[in-house]
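Asker: Dropping the structure in here first, questions after.
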Amino acid sequence: MADSSSANFDRDYESGFPSSRVRLIDSFVHQQWIWDTIPTRCFDFVKNYVTSDRYLSDSEVVAGDELEFAKSVNVSGDGKDAWIFDVDETLLFNLPYYELHGYGSEIFDEESFDEYMYLANSPALSASLSLYKELQQLGFTIFVLTGRSEPFRNATEANLRDAGYNIWERLILRGPSDKGKLAVEYKSEKRKELVDEGYRIRGNSGDQWSDLLGYAIAQRSFKLPNPMYYIA
Ligand SMILES: [Mg+2]
């Protein structure tokens with residue numbers, strides 16, 4: 001199975017269609033094909049993809065699907081129709097960090113990323129910013145659910161505001177009791193808490209499958225492209 005998958009993977013790579021390759025990467029990751037770094041042979045592709053208009057336009061395609069779905073929801077007006085956004089590579093795009101750290105080709109270095117987060121300098125992912133504002137207009141209650149931990153609350157809030165995200169119901173970060181949990185477990189637990197509070201989670205936007213899967217999943221989940229790293 002793994003051998004034939006790899007063969008197909010290579011064949012597609014040689015054909016040189018970046019977006020189909022991203023979908024393949026996502027597909028293989030979904031099958032638990034996990035790596036610490038992107039393969040060396042993928043470096044040029046990943047770099048070219050995330051620094052190109054193609055990444056932005058692929059994100060816009062997802063955001064377009066999200067908006068189409070959002071408009072189909074009968075928002076009740078009781079404030080309980082919720083939409084969840086992840087932060088990194090969803091609301092914010094950490095390209096300034098990854099262009100200095102090999103676009104996922106280097107082993108993730110927590111210390112340097114922590115320093116980067118304190119700078120609070122990431123731009124918005126433009127497709128997400130537009131969608132975010134549209135969802136507010138439509139009456140959704142927005143929750144921001146991130147794998148970042150509590151010490152980064154102020155920096156994350158400052159970065160979100162600077163990037164143009166001005167209103168959210170709650171910014172949820174990992175607290176001390178969430179330490180060591182897999183992202184899929186932590187995020188499911190937090191979604192479950194919202195459901196228990198009476199929220200109807202209509203939509204969920206994230207760049208990792210672990211943002212979207214597990215339990216208390218949204219009515220519709222939307223996966224943004226991210227070929228640089230994988231979080232279980
Ligand atoms: Mg993310």
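Every chain in the structure tokens takes a letter, A first, then B, and so on in the order presented; its residues are numbered from 1, and the ligands are numbered from 1 following the presented order.
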May I ask you to write as a PDB file with N, CA and C atoms, in the first residue's frame all residues lying at most 10 Å from ligand 1, with only C-alpha atoms and all ligand atoms counted?
Answerer:
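The file below, result_35.pdb, is the result:
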ATOM      1  N   PHE A  85     -12.683  29.312  14.138  1.00  0.00           N
ATOM      2  CA  PHE A  85     -11.470  29.473  13.326  1.00  0.00           C
ATOM      3  C   PHE A  85     -10.251  29.055  14.141  1.00  0.00           C
ATOM      4  N   ASP A  86      -9.349  28.356  13.478  1.00  0.00           N
ATOM      5  CA  ASP A  86      -8.001  28.141  13.995  1.00  0.00           C
ATOM      6  C   ASP A  86      -7.195  29.439  13.775  1.00  0.00           C
ATOM      7  N   VAL A  87      -6.015  29.530  14.358  1.00  0.00           N
ATOM      8  CA  VAL A  87      -5.190  30.740  14.188  1.00  0.00           C
ATOM      9  C   VAL A  87      -4.086  30.526  13.149  1.00  0.00           C
ATOM     10  N   ASP A  88      -3.103  29.678  13.465  1.00  0.00           N
ATOM     11  CA  ASP A  88      -1.905  29.608  12.627  1.00  0.00           C
ATOM     12  C   ASP A  88      -2.179  28.923  11.290  1.00  0.00           C
ATOM     13  N   GLU A  89      -1.838  29.612  10.230  1.00  0.00           N
ATOM     14  CA  GLU A  89      -2.081  29.177   8.844  1.00  0.00           C
ATOM     15  C   GLU A  89      -3.581  29.062   8.558  1.00  0.00           C
ATOM     16  N   THR A  90      -4.380  29.770   9.379  1.00  0.00           N
ATOM     17  CA  THR A  90      -5.816  29.875   9.090  1.00  0.00           C
ATOM     18  C   THR A  90      -6.204  31.354   9.138  1.00  0.00           C
ATOM     19  N   LEU A  91      -6.273  31.949  10.341  1.00  0.00           N
ATOM     20  CA  LEU A  91      -6.500  33.395  10.387  1.00  0.00           C
ATOM     21  C   LEU A  91      -5.212  34.146  10.078  1.00  0.00           C
ATOM     22  N   LEU A  92      -4.115  33.653  10.633  1.00  0.00           N
ATOM     23  CA  LEU A  92      -2.805  34.284  10.410  1.00  0.00           C
ATOM     24  C   LEU A  92      -1.939  33.393   9.534  1.00  0.00           C
ATOM     25  N   PHE A  93      -1.073  34.025   8.788  1.00  0.00           N
ATOM     26  CA  PHE A  93      -0.175  33.314   7.879  1.00  0.00           C
ATOM     27  C   PHE A  93       1.260  33.612   8.347  1.00  0.00           C
ATOM     28  N   ASN A  94       1.926  32.565   8.850  1.00  0.00           N
ATOM     29  CA  ASN A  94       3.236  32.751   9.474  1.00  0.00           C
ATOM     30  C   ASN A  94       4.399  32.669   8.484  1.00  0.00           C
ATOM     31  N   LEU A 145     -10.143  29.202  18.171  1.00  0.00           N
ATOM     32  CA  LEU A 145      -9.658  28.046  18.948  1.00  0.00           C
ATOM     33  C   LEU A 145      -8.282  27.661  18.432  1.00  0.00           C
ATOM     34  N   THR A 146      -7.285  27.895  19.267  1.00  0.00           N
ATOM     35  CA  THR A 146      -5.907  27.714  18.828  1.00  0.00           C
ATOM     36  C   THR A 146      -5.144  26.747  19.719  1.00  0.00           C
ATOM     37  N   GLY A 147      -4.176  26.085  19.132  1.00  0.00           N
ATOM     38  CA  GLY A 147      -3.262  25.230  19.882  1.00  0.00           C
ATOM     39  C   GLY A 147      -2.196  26.015  20.628  1.00  0.00           C
ATOM     40  N   ARG A 148      -2.145  27.325  20.399  1.00  0.00           N
ATOM     41  CA  ARG A 148      -1.231  28.160  21.178  1.00  0.00           C
ATOM     42  C   ARG A 148      -1.647  28.095  22.650  1.00  0.00           C
ATOM     43  N   SER A 205     -13.084  26.209  10.477  1.00  0.00           N
ATOM     44  CA  SER A 205     -12.041  26.447   9.478  1.00  0.00           C
ATOM     45  C   SER A 205     -10.674  26.171  10.084  1.00  0.00           C
ATOM     46  N   GLY A 206      -9.891  25.320   9.419  1.00  0.00           N
ATOM     47  CA  GLY A 206      -8.553  25.038   9.927  1.00  0.00           C
ATOM     48  C   GLY A 206      -7.653  24.494   8.840  1.00  0.00           C
ATOM     49  N   ASP A 207      -6.351  24.588   9.080  1.00  0.00           N
ATOM     50  CA  ASP A 207      -5.381  24.088   8.089  1.00  0.00           C
ATOM     51  C   ASP A 207      -4.920  22.673   8.428  1.00  0.00           C
ATOM     52  N   GLN A 208      -5.328  22.139   9.591  1.00  0.00           N
ATOM     53  CA  GLN A 208      -4.932  20.795  10.020  1.00  0.00           C
ATOM     54  C   GLN A 208      -6.183  19.940  10.166  1.00  0.00           C
ATOM     55  N   TRP A 209      -6.067  18.672   9.834  1.00  0.00           N
ATOM     56  CA  TRP A 209      -7.196  17.768  10.055  1.00  0.00           C
ATOM     57  C   TRP A 209      -7.551  17.713  11.537  1.00  0.00           C
ATOM     58  N   SER A 210      -6.548  17.883  12.400  1.00  0.00           N
ATOM     59  CA  SER A 210      -6.811  17.840  13.844  1.00  0.00           C
ATOM     60  C   SER A 210      -7.595  19.059  14.327  1.00  0.00           C
ATOM     61  N   ASP A 211      -7.729  20.082  13.471  1.00  0.00           N
ATOM     62  CA  ASP A 211      -8.614  21.204  13.808  1.00  0.00           C
ATOM     63  C   ASP A 211     -10.076  20.806  13.625  1.00  0.00           C
ATOM     64  N   LEU A 224      -8.108  24.159   4.992  1.00  0.00           N
ATOM     65  CA  LEU A 224      -7.262  25.054   4.209  1.00  0.00           C
ATOM     66  C   LEU A 224      -5.942  24.357   3.871  1.00  0.00           C
ATOM     67  N   PRO A 225      -5.304  24.773   2.778  1.00  0.00           N
ATOM     68  CA  PRO A 225      -4.032  24.138   2.409  1.00  0.00           C
ATOM     69  C   PRO A 225      -2.900  24.500   3.365  1.00  0.00           C
ATOM     70  N   ASN A 226      -2.056  23.548   3.665  1.00  0.00           N
ATOM     71  CA  ASN A 226      -0.803  23.801   4.394  1.00  0.00           C
ATOM     72  C   ASN A 226       0.138  22.625   4.166  1.00  0.00           C
ATOM     73  N   TYR A 229       3.662  21.699   7.384  1.00  0.00           N
ATOM     74  CA  TYR A 229       3.768  20.901   8.618  1.00  0.00           C
ATOM     75  C   TYR A 229       2.458  20.200   8.930  1.00  0.00           C
ATOM     76  N   TYR A 230       2.561  19.239   9.838  1.00  0.00           N
ATOM     77  CA  TYR A 230       1.407  18.411  10.216  1.00  0.00           C
ATOM     78  C   TYR A 230       1.315  18.358  11.734  1.00  0.00           C
ATOM     79  N   ILE A 231       0.109  18.555  12.263  1.00  0.00           N
ATOM     80  CA  ILE A 231      -0.109  18.477  13.710  1.00  0.00           C
ATOM     81  C   ILE A 231      -1.189  17.432  13.969  1.00  0.00           C
TER      82      ILE A 231
END
Asker: Within 9 Å of A:Leu95, counting only C-alpha atoms, which residues show up once you throw out same-chain ones fewer than 6 positions away? Write them as a PyMOL selection string, please.
Answerer: chain A and resi 50-51+89+103+122-123
Asker: Got time to write the residues from that selection, N, CA and C atoms, as an mmCIF file, in the first residue's frame?
Answerer:
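Result went into again16.cif, see below:
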data_model
loop_
_atom_site.group_PDB
_atom_site.id
_atom_site.type_symbol
_atom_site.label_atom_id
_atom_site.label_comp_id
_atom_site.auth_asym_id
_atom_site.auth_seq_id
_atom_site.Cartn_x
_atom_site.Cartn_y
_atom_site.Cartn_z
ATOM 1 N N VAL A 50 3.842 28.112 -1.282
ATOM 2 C CA VAL A 50 3.352 29.001 -0.208
ATOM 3 C C VAL A 50 3.736 30.458 -0.437
ATOM 4 N N THR A 51 4.684 30.712 -1.323
ATOM 5 C CA THR A 51 5.042 32.103 -1.617
ATOM 6 C C THR A 51 4.368 32.594 -2.898
ATOM 7 N N GLU A 89 -1.838 29.612 10.230
ATOM 8 C CA GLU A 89 -2.081 29.177 8.844
ATOM 9 C C GLU A 89 -3.581 29.062 8.558
ATOM 10 N N TYR A 103 10.577 26.584 5.356
ATOM 11 C CA TYR A 103 9.238 26.194 4.861
ATOM 12 C C TYR A 103 8.854 24.771 5.276
ATOM 13 N N SER A 122 2.428 38.525 12.366
ATOM 14 C CA SER A 122 2.000 37.751 11.197
ATOM 15 C C SER A 122 0.889 38.485 10.455
ATOM 16 N N PRO A 123 0.937 38.440 9.136
ATOM 17 C CA PRO A 123 -0.168 39.007 8.371
ATOM 18 C C PRO A 123 -1.387 38.090 8.424
#
Asker: Could you find all residues in chain A that DSSP calls helix (DSSP H, G or I) from the backbone, and write them as number ranges by chain?
Answerer: A: 2-15, 18-30, 40-50, 53-72, 95-98, 102-104, 110-119, 126-138, 150-163, 176-178, 183-196, 209-211
Asker: With only C-alpha atoms as the basis for distance, which of A:Val75, A:Ile84, A:Leu131, A:Leu100 is at the shortest distance from A:Ile172?
Answerer: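 Among the listed residues, A:Ile84 lies closest to A:Ile172.
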Asker: Tell me which protein, DNA and RNA residues are within 12 Å of A:Ile167, counting only C-alpha atoms, leaving out same-chain ones fewer than 5 positions away, and put them as a list in words.
Answerer: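 Once the nearby chain positions are removed, what remains is Leu129, Tyr132, Lys133, Leu135, Gln136, Gln137, Phe140, Thr141, Ile142, Phe143, Val144, Glu157, Leu160, Arg161 and Asp162 of chain A.
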Asker: With distances taken over only C-alpha atoms, which of A:Leu171, A:Ala216, A:Met228, A:Leu119 is nearest to A:Asp196?
Answerer: A:Ala216
